[in-house]
Amino acid sequence: MNAQLILEDGTVFRGRSVGSPKSVSGEVVFNTGMVGYTEALTDPSYRGQIMTLTFPLVGNYGVPREFESPRIQASALVVSEMAHEYSHSAAERSLPQWLQDEGIPCIAGIDTRALTKRLRTRGCMLGKLVIDDADVALDDPNTRNLVAEVSTGAPEIFEGKGKRIVLVDCGAKSSIVEELRKRDLTVIRVPWDYDFLTEDFDGLFVSNGPGDPTACATTILNIRRAIELEKPIMGICLGNQLLALAAGANTYKLKFGHRGHNQPCVEVGTGRCYITSQNHGFAVDENTLPEGWHPWFRNANDGSNEGIRHATKPFLSVQFHPEAAPGPVDCNYLFDKFVGMVK
Amino acid sequence: MKVLILGSGALKIGEAGEFDYSGSQAIKAYKEEGITTVLVNPNIATIQTSEALADKIYFLPVTPQFVTQIIEKERPDAIALGFGGQTALNCGLALSREGILQKYGVKVLGTPIDTIVATEDRAIFNQRLAEIDVEFPRSGAVTSLEEALELAKSIGYPVMARVAYALGGLGSGCCANEDELRERVSKGLAHSPQVLIEEYLVGWKELEYEVVRDRYDNCIVVCNMENLDPMGIHTGESIVVAPSQTLTNREYHMLRSIAIRTVRHLGVVGECNIQFALCPKTSRYRVIEVNARLSRSSALASKATGYPLAFIAAKLGLGANLGELPNAITRATKACFEPALDYVVVKAPRWDLQKFRGASPNIGSSMKSVGEVMAIGRTFEEALQKALRMLDTRPPVFEDVRRILRDPTPERIYAVMAALRSGITIDEIHALSHIDRWFLQKVARIVAIEKSPELAEAKKAGYSDAQIATLLKSTPEGVRAAREEKGVRPCVKQIDTLAGEYPAQTNYLYLSYNGEEDDVAPGSLENAVLVLGSGPYRIGSSVEFDWCAVNTVQALRRMGYSTIMLNCNPETVSTDYNECDRLYFDEISLENVLEIYRREKPIGVIVSVGGQVPNNLALLLHEAGVKLLGTLAASIDTAEDRHKFSRLLDELGVLQPAWKELKSNDDALEFARKVGYPVLVRPSYVLSGAAMGVASNDAELVRFLTKATFVSPKHPVVITKFLENARELEMDAVALDGVLVAQAVSEHVENAGVHSGDATLVLPPQRTYLETVRRIRAISAKIAAALKINGPFNIQFLAKNNEVSVIECNLRASRSFPFVSKVLRTNFIDVAAAVMMGRPVPVQNGSAMDLDYVGVKAPQFSFTRLEGADPVLGVEMASTGEVGCLGDDFEEAFLKSLLSVGFKLPIKNVMLSTGPIEYKASFLESARTLRAMGVNLYATHGSAKFLRDNGVGVTELFWPDEPQTPNTLEYLAGRKFDLVINIPKHTGEEELANDYVIRRKAADFGIPLITNIQLAQRLVEALSKKSIGELQIKSWQEYVTPERTSKLPVTDEEVRPALVASRS
């Protein structure tokens, strides 16, 4: 079956349909990770996005049960070559099979490098994957409340022996929950707009999630109230942006975002450089940080903000993903840092 | 600050061109910091020993003894041990152990000595890993056979035996039972004080991670690689893929984290390589080894990713912070990142096992390959097929495919294809070979296309036009035409380290049929020249051609040309993307050159500096309408085609050994009987004397003829009279419009019959009549004029009693170009590049006789690694590398060069077996000299009797196949000899079993061996005239003063008009 990827600027890439035979629209982004397609596809932060993988061979190890949420979150997948046969003892089915099972379209056989270069020069844009010439209208996912689509429906408690942590689920990856639980914390996972201040808790954790952070006005207000309580707060990705907004800083949209496993982030002050896993299209504008707040990490490639912290109070957040999954786990220690703060 | 850099010496199996690349990068990095660099490396054919790099170069052995003296003289502040392979590392460890570094206050740059020791000594290594709960194979180090047997029993057979402090897994291997263990351990303990016995991990995946760490503890993994051939096959013998293809995110990052944890714990500063075994079923892992230095894998990773590991490692050794160094490709981002690839890389090893009589045909846990290629594609199929073609070998026909799958030979990948074709299932192939099903699935796809090759699909799967033509019963030209009609053309893709996220500022390129858009605009370079590189290193074509190619590109750049390089060998400097304006890391084939030529529209192509591979394309390219720079294709053909060339010599009245073109076997036999045996059989268009042979009788002749017609079926085979007791000389030269403008005559120490690549070369000649040299020059001038040579060339001569005849002529730069260029300090390639570009050059009178020093080039053999191979010299080349040393006289340069290729002094005990009676007689004087020096001589019955009869004291030993003692074998195994001189009985192929055993055991036990009578005589003379203490520690610059260095003029004004040979 033929498939076309049509970009907002009119560029057309023609390939084969190897997923579900369904046309979709979304924001076209690229991810430079060379492994971890199951984790990435199920990462709620990809909600509404058509994910291009720059590594040309995809699906080699099939689909092992390495999921970050119960379903595929990306709207569609774009690859150069799809492995119809796979080889891995942990795999349960092939990637094309999984995509079909989950109703996710996929185009293969296109020049993903040419596509990536276009996105790099012109910025991420809207696009649509048209399968078998069944056209659909272009639709901007960022006009929807994507966070509401991926957040949990109701509060859920994971009992542990340690302190009580409220995890604001703006589309939390399951690895974040796991990292917290691994450290024996009791995790109270709440919806994005839940008034968690009514809960009895020792620390606040704001998760990753899709889209424009300014769409989460309720969450920002709630975090602002938590800041006043001076309880330890940590944010990841969207959580970093929400904490900054709550503190009074601004965010902006990056030209093509950071999506991959090789983003170098330098810790301000120590000069230590960490290789991080990332997936974000928005960033914190460091220059707007109010007094008392400082940049914590910066991207070594483009200088953009990768984390903030408060000079005296237990508030910190990072733009990258210390839980990795997929990607390097070098910053996993940050969860321990959080545990240290809530003690 | 002054830094001493240790090189790796001659190229050998396990230590090859990758260290020229690493060392050159390091020197560049130091120079950028304003550091004075002193390099020790006797490998004269390398780029790193070129004028423009290190401030001072010592062409001396990389041994503690010589390096100590250099330290004494140079007083460096620091020493770099990580860029010269195991040779440099071992030398550094010895210097540290002996307190030399401490004594002279020499700081070790980068990874500290203690860390190096921890990675080299298995017992310490395992203990260090245990401290951080990192898994390693169950194992133990043993120092005796008894211990080994006991330990193996506790682990359970099969077990792996590894030799400590060995390069490339020397002597390591699987032992299925007690007998095999006994054999291996005894051998291993002969080389090393320690042997490791470990758990055998059959079928586990084998992976490598390249890790970089700075002194501030920033630590990154630049590249991971997966071996297609799983555990059990040495990584140097495996087809390797980057990045890994069958690992999940969890596995990839589990190993990555362990790699980083290990490297931090060990305290590496700079670069290191870590090898893992991973169980495909359980994801359990083992750390196999850590190499705390640049390695073959790191060179491959640098080329696979575009990340200059050696350069960065050198900077980190000086204390740089990874986060502050720039990314060399984007120049916008930082070096502290992990490259994201958007292509797949396949490395394939190149073997030459068939060149070695008696060598085991199997591959396994020790390294035997002599070179490698790297292919880049956007599908695995594309990259794999490119790689296999780049190897320049031919798929064999199999008798028993299953056996090859189980007991692999270099042809295993072809066996997989053959198995798939014959209907053997992927599951069965996997069960026999343990190769992951994913790779087999891909190979199956390649094979499936053979049945119904659709053009575009076949090209995407990496088929060449020629392969498709075979499948479709068409011609390559026909396929090309069809392809062009359908618009099936490759795209030019760029390697940018960031998968397109940031624009690259360098042009590191490859071709792919899996793309729609070019990354660089075609034809956008002004005034460009395309230079073809050497392809994979192999016996007969090695780093010397990389030196030629790189120097050509550098000369072209100085003359103001844009340069495009095409090569596919990751061990080279020519594939460093900074050396040229555009680097195509791709196949050197007619199809590819045409694609690049049509796209880039260069002013021409240079085929004469990359050795035989590009030279063989000359005629085809010319016929396809490509403009060749330099000598005309027709002239190249005349020189290469034995028949045409011999006829030309007849026309010119130049002597040559009697010859005849083969028409039939009867014809050949009749010729041989007429001129008398021995005769030499030589096919056309071949390298390193492939399939050449000296036949002493009818049976041998018939055998060689069959082999020669198989090797070169399209070109004629010529038989010549083989001249015995003739001297051999070489002319390396450059001509402009047929006029010699640069020339050097070197003589061989060995008489004719030893391949020129295996011969010991002397420049200027020391034992040749002036009249002979004069005749050689005159003949060279005649041939140059007749062939209208415009560029580099080499002629080999035979001389007997002042009668000079020509053996062969190559209209390209030769193996000895770097040697003569450096000894004379006149860069022949600079001259050749100017000539090929039509620039005026001064005529050098070519008189090298008035040098007040001597250069000697000696071959390096790797017989030790080639189990079973008979370490004897013949007309087919066997050496894997070479060194070149300078001395005030022949003896000094000769001894330095021998010490550089593994000979050891002092020599106290010599085993003699001097062959036929005439050799025994001619060696008698040398034997007396040895005795006079107090050397103990040992010989078997014949030689012993001869010596005794002539009054030379000798201890008689029994032959290896005799049950009595004292036996030669026990002396060899006990390493009681410092030298074995074993001259084969005749030049023919068959050799007596006992002599073979003596030679082979000498190689196995690492005892220096001489199999040529002239070489033995010269060595004895040299030993009697010079002691090791008299070998002077003098740098290249001290021998060759700048005054005698002739710089090539670049502009017309600089040319002294009287010396200009003007171009018509």
# chains A, B, ... in the order shown; residues from 1 in each chain; ligands from 1
call {"tool": "interface_residues", "arguments": {"of": "chain A", "to": "chain B", "cutoff": "9 Å", "atoms": "only C-alpha atoms", "output": "number ranges by chain"}}
result
A: 30, 32-39, 53-57, 60-62, 64, 66, 80-81, 85-90, 109-114, 116-117, 119-120, 256, 258, 260-266, 271-275, 300-302, 325-330
call {"tool": "residues_around", "arguments": {"residues": "Arg225 (chain A)", "least_positions_apart": "5", "cutoff": "12 Å", "atoms": "only C-alpha atoms", "output": "list in words"}}
result
Asp195, Phe196, Leu197, Thr198, Leu204, Thr218, Thr219, Ile220, Glu230, Lys231, Ile233, Leu243, Ala246 and Ala247 of chain A
call {"tool": "select_by_dssp", "arguments": {"residues": "region 51-244 of chain A", "states": "helix (DSSP H, G or I)", "output": "ChimeraX atom specification"}}
result
/A:95-101,112-122,141-143,146-150,174-182,196-198,213-215,217-229,238-244
call {"tool": "closest_atom_pairs", "arguments": {"of": "region 193-228 of chain A", "to": "region 146-163 of chain A", "cutoff": "7 Å", "atoms": "only C-alpha atoms", "output": "Markdown table"}}
result
| residue | atom | partner | partner_atom | distance |
| --- | --- | --- | --- | --- |
| A:Asp202 | CA | A:Lys163 | CA | 6.1 |
| A:Gly209 | CA | A:Val147 | CA | 6.2 |
| A:Pro210 | CA | A:Val147 | CA | 5.9 |
| A:Gly211 | CA | A:Leu146 | CA | 6.2 |
call {"tool": "residues_around", "arguments": {"residues": "Asp135 (chain A)", "least_positions_apart": "3", "cutoff": "12 Å", "atoms": "only C-alpha atoms", "output": "NGL selection string"}}
result
:A and (3-6 or 21-25 or 127-132 or 138)
call {"tool": "residues_around", "arguments": {"residues": "Thr552 (chain B)", "least_positions_apart": "3", "cutoff": "10 Å", "atoms": "only C-alpha atoms", "output": "PDB file with N, CA and C atoms, in the first residue's frame"}}
result
ATOM      1  N   VAL B 531      41.615  11.536  -6.266  1.00  0.00           N
ATOM      2  CA  VAL B 531      42.731  10.633  -6.001  1.00  0.00           C
ATOM      3  C   VAL B 531      42.173   9.306  -5.500  1.00  0.00           C
ATOM      4  N   ASP B 546      49.240   4.394   1.410  1.00  0.00           N
ATOM      5  CA  ASP B 546      48.500   5.458   2.084  1.00  0.00           C
ATOM      6  C   ASP B 546      49.380   6.696   2.184  1.00  0.00           C
ATOM      7  N   TRP B 547      50.657   6.460   2.466  1.00  0.00           N
ATOM      8  CA  TRP B 547      51.606   7.584   2.511  1.00  0.00           C
ATOM      9  C   TRP B 547      51.619   8.288   1.152  1.00  0.00           C
ATOM     10  N   CYS B 548      51.660   7.498   0.098  1.00  0.00           N
ATOM     11  CA  CYS B 548      51.686   8.077  -1.251  1.00  0.00           C
ATOM     12  C   CYS B 548      50.402   8.867  -1.530  1.00  0.00           C
ATOM     13  N   ALA B 549      49.268   8.291  -1.176  1.00  0.00           N
ATOM     14  CA  ALA B 549      47.986   8.945  -1.469  1.00  0.00           C
ATOM     15  C   ALA B 549      47.845  10.236  -0.657  1.00  0.00           C
ATOM     16  N   ALA B 555      50.149  17.590  -1.589  1.00  0.00           N
ATOM     17  CA  ALA B 555      50.853  18.338  -2.632  1.00  0.00           C
ATOM     18  C   ALA B 555      49.854  19.070  -3.525  1.00  0.00           C
ATOM     19  N   LEU B 556      48.758  18.407  -3.852  1.00  0.00           N
ATOM     20  CA  LEU B 556      47.740  19.031  -4.703  1.00  0.00           C
ATOM     21  C   LEU B 556      47.158  20.267  -4.006  1.00  0.00           C
ATOM     22  N   ARG B 557      46.917  20.115  -2.716  1.00  0.00           N
ATOM     23  CA  ARG B 557      46.348  21.250  -1.969  1.00  0.00           C
ATOM     24  C   ARG B 557      47.320  22.428  -1.981  1.00  0.00           C
ATOM     25  N   ARG B 558      48.606  22.114  -1.798  1.00  0.00           N
ATOM     26  CA  ARG B 558      49.603  23.196  -1.819  1.00  0.00           C
ATOM     27  C   ARG B 558      49.646  23.875  -3.180  1.00  0.00           C
ATOM     28  N   THR B 563      40.681  18.803  -3.553  1.00  0.00           N
ATOM     29  CA  THR B 563      41.009  17.382  -3.598  1.00  0.00           C
ATOM     30  C   THR B 563      39.823  16.524  -3.187  1.00  0.00           C
ATOM     31  N   SER B 574      44.504   8.573   4.878  1.00  0.00           N
ATOM     32  CA  SER B 574      43.830   9.157   3.710  1.00  0.00           C
ATOM     33  C   SER B 574      42.321   9.242   3.924  1.00  0.00           C
ATOM     34  N   ILE B 606      43.730  10.622 -10.438  1.00  0.00           N
ATOM     35  CA  ILE B 606      45.077  10.070 -10.250  1.00  0.00           C
ATOM     36  C   ILE B 606      44.953   8.621  -9.785  1.00  0.00           C
ATOM     37  N   SER B 608      47.778   6.489  -9.859  1.00  0.00           N
ATOM     38  CA  SER B 608      49.121   5.915  -9.737  1.00  0.00           C
ATOM     39  C   SER B 608      49.727   6.006  -8.344  1.00  0.00           C
ATOM     40  N   VAL B 609      48.938   6.388  -7.336  1.00  0.00           N
ATOM     41  CA  VAL B 609      49.539   6.518  -6.002  1.00  0.00           C
ATOM     42  C   VAL B 609      48.894   5.593  -4.969  1.00  0.00           C
ATOM     43  N   GLY B 610      47.948   4.783  -5.401  1.00  0.00           N
ATOM     44  CA  GLY B 610      47.258   3.925  -4.436  1.00  0.00           C
ATOM     45  C   GLY B 610      47.607   2.450  -4.572  1.00  0.00           C
ATOM     46  N   PHE B 828      59.417  12.149  -3.360  1.00  0.00           N
ATOM     47  CA  PHE B 828      59.150  11.727  -4.737  1.00  0.00           C
ATOM     48  C   PHE B 828      57.692  11.952  -5.117  1.00  0.00           C
ATOM     49  N   ILE B 829      56.807  11.894  -4.125  1.00  0.00           N
ATOM     50  CA  ILE B 829      55.381  12.089  -4.423  1.00  0.00           C
ATOM     51  C   ILE B 829      55.103  13.556  -4.735  1.00  0.00           C
ATOM     52  N   ASP B 830      55.772  14.458  -4.027  1.00  0.00           N
ATOM     53  CA  ASP B 830      55.624  15.881  -4.362  1.00  0.00           C
ATOM     54  C   ASP B 830      56.017  16.118  -5.819  1.00  0.00           C
ATOM     55  N   VAL B 831      57.128  15.495  -6.194  1.00  0.00           N
ATOM     56  CA  VAL B 831      57.612  15.663  -7.570  1.00  0.00           C
ATOM     57  C   VAL B 831      56.585  15.062  -8.536  1.00  0.00           C
ATOM     58  N   ALA B 832      56.108  13.858  -8.199  1.00  0.00           N
ATOM     59  CA  ALA B 832      55.170  13.172  -9.086  1.00  0.00           C
ATOM     60  C   ALA B 832      53.870  13.972  -9.215  1.00  0.00           C
ATOM     61  N   ALA B 833      53.400  14.529  -8.097  1.00  0.00           N
ATOM     62  CA  ALA B 833      52.148  15.291  -8.139  1.00  0.00           C
ATOM     63  C   ALA B 833      52.306  16.507  -9.042  1.00  0.00           C
ATOM     64  N   ALA B 834      53.443  17.176  -8.928  1.00  0.00           N
ATOM     65  CA  ALA B 834      53.688  18.346  -9.771  1.00  0.00           C
ATOM     66  C   ALA B 834      53.718  17.938 -11.232  1.00  0.00           C
TER      67      ALA B 834
END
call {"tool": "closest_residue", "arguments": {"among": "B:Ser154, B:Ser913, B:Asn177, B:Asn41", "to": "Trp1036 (chain B)", "atoms": "only C-alpha atoms"}}
result
B:Asn41
call {"tool": "atom_distance", "arguments": {"atom1": "CA of Leu245 (chain A)", "atom2": "CA of Phe205 (chain A)"}}
result
15.2 Å
call {"tool": "closest_residue", "arguments": {"among": "A:Ile308, A:Ala249, A:Val342, A:Leu238", "to": "His280 (chain A)", "atoms": "only C-alpha atoms"}}
result
A:Leu238
call {"tool": "atom_distance", "arguments": {"atom1": "CA of Glu956 (chain B)", "atom2": "CA of Leu930 (chain B)"}}
result
16.2 Å
call {"tool": "atom_distance", "arguments": {"atom1": "CA of Asn794 (chain B)", "atom2": "CA of Val373 (chain B)"}}
result
26.9 Å
call {"tool": "select_by_dssp", "arguments": {"residues": "region 47-131 of chain A", "states": "strand (DSSP E or B)", "output": "MDAnalysis selection string"}}
result
chainID A and resid 47 49:53 57:58 64 74 76:78 81:82 91 106:108 125:131
call {"tool": "write_last_selection", "arguments": {"atoms": "N, CA and C atoms", "output": "CSV table (one decimal), in the first residue's frame"}}
result
chain,number,residue,atom,x,y,z
A,47,ARG,N,2.6,12.5,22.2
A,47,ARG,CA,1.2,12.6,21.9
A,47,ARG,C,1.0,13.7,20.8
A,49,GLN,N,2.2,13.7,17.9
A,49,GLN,CA,3.3,13.9,17.0
A,49,GLN,C,3.6,12.7,16.0
A,50,ILE,N,4.0,13.1,14.8
A,50,ILE,CA,4.4,12.1,13.8
A,50,ILE,C,5.9,11.9,14.0
A,51,MET,N,6.3,10.8,14.5
A,51,MET,CA,7.7,10.6,15.0
A,51,MET,C,8.6,10.0,13.8
A,52,THR,N,9.6,10.8,13.5
A,52,THR,CA,10.6,10.3,12.5
A,52,THR,C,11.8,9.7,13.2
A,53,LEU,N,12.2,8.5,12.9
A,53,LEU,CA,13.5,8.0,13.5
A,53,LEU,C,14.6,8.2,12.5
A,57,LEU,N,17.4,1.8,10.3
A,57,LEU,CA,16.9,0.4,10.4
A,57,LEU,C,16.1,0.3,11.7
A,58,VAL,N,14.8,0.1,11.6
A,58,VAL,CA,13.9,0.1,12.8
A,58,VAL,C,13.2,-1.2,12.8
A,64,PRO,N,9.8,-5.9,22.4
A,64,PRO,CA,9.8,-6.5,23.7
A,64,PRO,C,8.9,-5.6,24.6
A,74,ALA,N,2.5,8.2,20.0
A,74,ALA,CA,2.8,9.0,18.8
A,74,ALA,C,1.6,8.7,17.8
A,76,ALA,N,2.0,8.7,14.5
A,76,ALA,CA,2.4,7.9,13.4
A,76,ALA,C,3.9,7.8,13.5
A,77,LEU,N,4.5,6.9,12.7
A,77,LEU,CA,5.9,6.6,12.7
A,77,LEU,C,6.4,6.7,11.3
A,78,VAL,N,7.6,7.3,11.2
A,78,VAL,CA,8.3,7.5,9.9
A,78,VAL,C,9.7,6.9,9.9
A,81,GLU,N,13.9,2.2,6.9
A,81,GLU,CA,13.6,0.8,6.6
A,81,GLU,C,13.0,0.1,7.8
A,82,MET,N,11.9,-0.6,7.6
A,82,MET,CA,11.2,-1.4,8.7
A,82,MET,C,11.6,-2.8,8.6
A,91,ALA,N,11.3,-10.4,22.4
A,91,ALA,CA,10.3,-9.8,21.5
A,91,ALA,C,9.0,-10.6,21.5
A,106,CYS,N,2.3,4.0,9.7
A,106,CYS,CA,3.7,4.1,9.6
A,106,CYS,C,4.1,4.1,8.1
A,107,ILE,N,5.0,5.0,7.8
A,107,ILE,CA,5.5,5.1,6.4
A,107,ILE,C,7.0,4.6,6.4
A,108,ALA,N,7.4,3.8,5.5
A,108,ALA,CA,8.7,3.3,5.4
A,108,ALA,C,9.2,3.5,4.0
A,125,MET,N,7.3,21.1,11.7
A,125,MET,CA,6.1,21.6,11.1
A,125,MET,C,5.0,20.5,11.2
A,126,LEU,N,3.8,21.0,10.8
A,126,LEU,CA,2.7,20.1,10.8
A,126,LEU,C,2.8,19.2,9.5
A,127,GLY,N,2.2,18.1,9.6
A,127,GLY,CA,2.3,17.3,8.4
A,127,GLY,C,1.2,16.2,8.5
A,128,LYS,N,1.0,15.4,7.5
A,128,LYS,CA,0.1,14.4,7.5
A,128,LYS,C,0.6,13.1,6.8
A,129,LEU,N,0.2,12.0,7.3
A,129,LEU,CA,0.6,10.8,6.7
A,129,LEU,C,-0.6,10.3,6.0
A,130,VAL,N,-0.5,10.2,4.7
A,130,VAL,CA,-1.7,9.9,3.9
A,130,VAL,C,-1.5,8.4,3.4
A,131,ILE,N,-2.3,7.5,3.8
A,131,ILE,CA,-2.2,6.2,3.4
A,131,ILE,C,-3.2,5.9,2.2
call {"tool": "residues_around", "arguments": {"residues": "Pro314 (chain A)", "least_positions_apart": "3", "cutoff": "12 Å", "atoms": "only C-alpha atoms", "output": "PyMOL selection string"}}
result
chain A and resi 202-205+226-235+292-293+308-311+317+337-343
call {"tool": "write_last_selection", "arguments": {"atoms": "N, CA and C atoms", "output": "compact mmCIF listing (two decimals), in the first residue's frame"}}
result
# COMPACT_ATOMS: atom_id res chain seq x y z
N ASP A 202 5.06 14.77 51.27
CA ASP A 202 6.36 15.30 51.70
C ASP A 202 7.13 15.96 50.56
N GLY A 203 6.77 15.58 49.37
CA GLY A 203 7.48 16.15 48.23
C GLY A 203 6.61 16.08 46.99
N LEU A 204 6.94 16.95 46.03
CA LEU A 204 6.14 17.04 44.80
C LEU A 204 7.02 16.71 43.61
N PHE A 205 6.51 15.89 42.72
CA PHE A 205 7.25 15.53 41.51
C PHE A 205 6.36 15.86 40.32
N ALA A 226 2.42 25.13 45.92
CA ALA A 226 3.36 24.20 46.57
C ALA A 226 4.68 24.90 46.87
N ILE A 227 5.10 25.79 45.96
CA ILE A 227 6.34 26.55 46.18
C ILE A 227 6.23 27.33 47.48
N GLU A 228 5.05 27.90 47.70
CA GLU A 228 4.85 28.68 48.93
C GLU A 228 4.97 27.81 50.17
N LEU A 229 4.58 26.54 50.03
CA LEU A 229 4.69 25.61 51.17
C LEU A 229 6.14 25.21 51.43
N GLU A 230 7.01 25.52 50.46
CA GLU A 230 8.43 25.18 50.54
C GLU A 230 8.70 23.68 50.70
N LYS A 231 7.78 22.89 50.18
CA LYS A 231 8.04 21.44 50.18
C LYS A 231 8.94 21.12 48.99
N PRO A 232 9.80 20.09 49.10
CA PRO A 232 10.70 19.75 47.98
C PRO A 232 9.93 19.48 46.69
N ILE A 233 10.43 20.08 45.62
CA ILE A 233 9.79 19.89 44.31
C ILE A 233 10.85 19.50 43.30
N MET A 234 10.50 18.52 42.49
CA MET A 234 11.38 18.19 41.36
C MET A 234 10.52 18.02 40.11
N GLY A 235 11.04 18.52 39.00
CA GLY A 235 10.32 18.39 37.73
C GLY A 235 11.20 17.78 36.67
N GLY A 292 16.53 34.48 42.92
CA GLY A 292 16.56 33.27 43.73
C GLY A 292 16.61 32.01 42.90
N TRP A 293 16.22 32.07 41.64
CA TRP A 293 16.24 30.92 40.74
C TRP A 293 17.44 30.99 39.82
N ILE A 308 16.63 24.03 36.13
CA ILE A 308 16.70 25.20 37.01
C ILE A 308 16.70 24.74 38.45
N ARG A 309 17.16 25.61 39.33
CA ARG A 309 17.05 25.29 40.76
C ARG A 309 16.96 26.57 41.55
N HIS A 310 16.50 26.42 42.75
CA HIS A 310 16.41 27.58 43.62
C HIS A 310 17.65 27.66 44.47
N ALA A 311 18.11 28.89 44.74
CA ALA A 311 19.38 29.07 45.45
C ALA A 311 19.31 28.52 46.87
N SER A 317 14.60 21.23 38.90
CA SER A 317 14.00 20.48 37.79
C SER A 317 14.96 20.42 36.62
N LYS A 337 18.94 12.38 44.54
CA LYS A 337 19.04 13.76 45.04
C LYS A 337 17.67 14.21 45.57
N PHE A 338 16.64 13.86 44.80
CA PHE A 338 15.28 14.21 45.22
C PHE A 338 14.93 13.52 46.54
N VAL A 339 15.26 12.22 46.60
CA VAL A 339 14.99 11.47 47.83
C VAL A 339 15.71 12.14 49.00
N GLY A 340 16.92 12.60 48.75
CA GLY A 340 17.68 13.29 49.79
C GLY A 340 16.97 14.56 50.26
N MET A 341 16.33 15.24 49.34
CA MET A 341 15.64 16.49 49.70
C MET A 341 14.40 16.25 50.54
N VAL A 342 13.72 15.15 50.29
CA VAL A 342 12.47 14.93 51.02
C VAL A 342 12.71 14.31 52.40
N LYS A 343 13.93 13.98 52.72
CA LYS A 343 14.19 13.33 54.01
C LYS A 343 14.22 14.35 55.13
call {"tool": "closest_residue", "arguments": {"among": "B:His434, B:Glu891, B:Val492, B:Ala328", "to": "Ser302 (chain B)", "atoms": "only C-alpha atoms"}}
result
B:Ala328
call {"tool": "decode", "arguments": {"residues": "region 752-767 of chain B", "atoms": "C-alpha atoms", "output": "short mmCIF file (atom, residue, chain, number, x, y, z; two decimals), in the first residue's frame"}}
result
data_model
loop_
_atom_site.label_atom_id
_atom_site.label_comp_id
_atom_site.auth_asym_id
_atom_site.auth_seq_id
_atom_site.Cartn_x
_atom_site.Cartn_y
_atom_site.Cartn_z
CA ALA B 752 66.91 -12.72 -6.72
CA GLY B 753 64.19 -15.18 -5.87
CA VAL B 754 62.99 -13.39 -2.78
CA HIS B 755 60.01 -11.18 -3.55
CA SER B 756 61.01 -7.52 -3.55
CA GLY B 757 58.50 -6.85 -0.78
CA ASP B 758 60.24 -9.38 1.43
CA ALA B 759 63.73 -8.27 0.52
CA THR B 760 66.01 -6.11 2.63
CA LEU B 761 66.67 -2.91 0.69
CA VAL B 762 69.80 -0.81 0.91
CA LEU B 763 70.03 2.80 -0.25
CA PRO B 764 72.46 3.83 -1.58
CA PRO B 765 73.70 0.45 -2.90
CA GLN B 766 76.77 -0.82 -1.03
CA ARG B 767 77.76 -3.95 -2.91
#
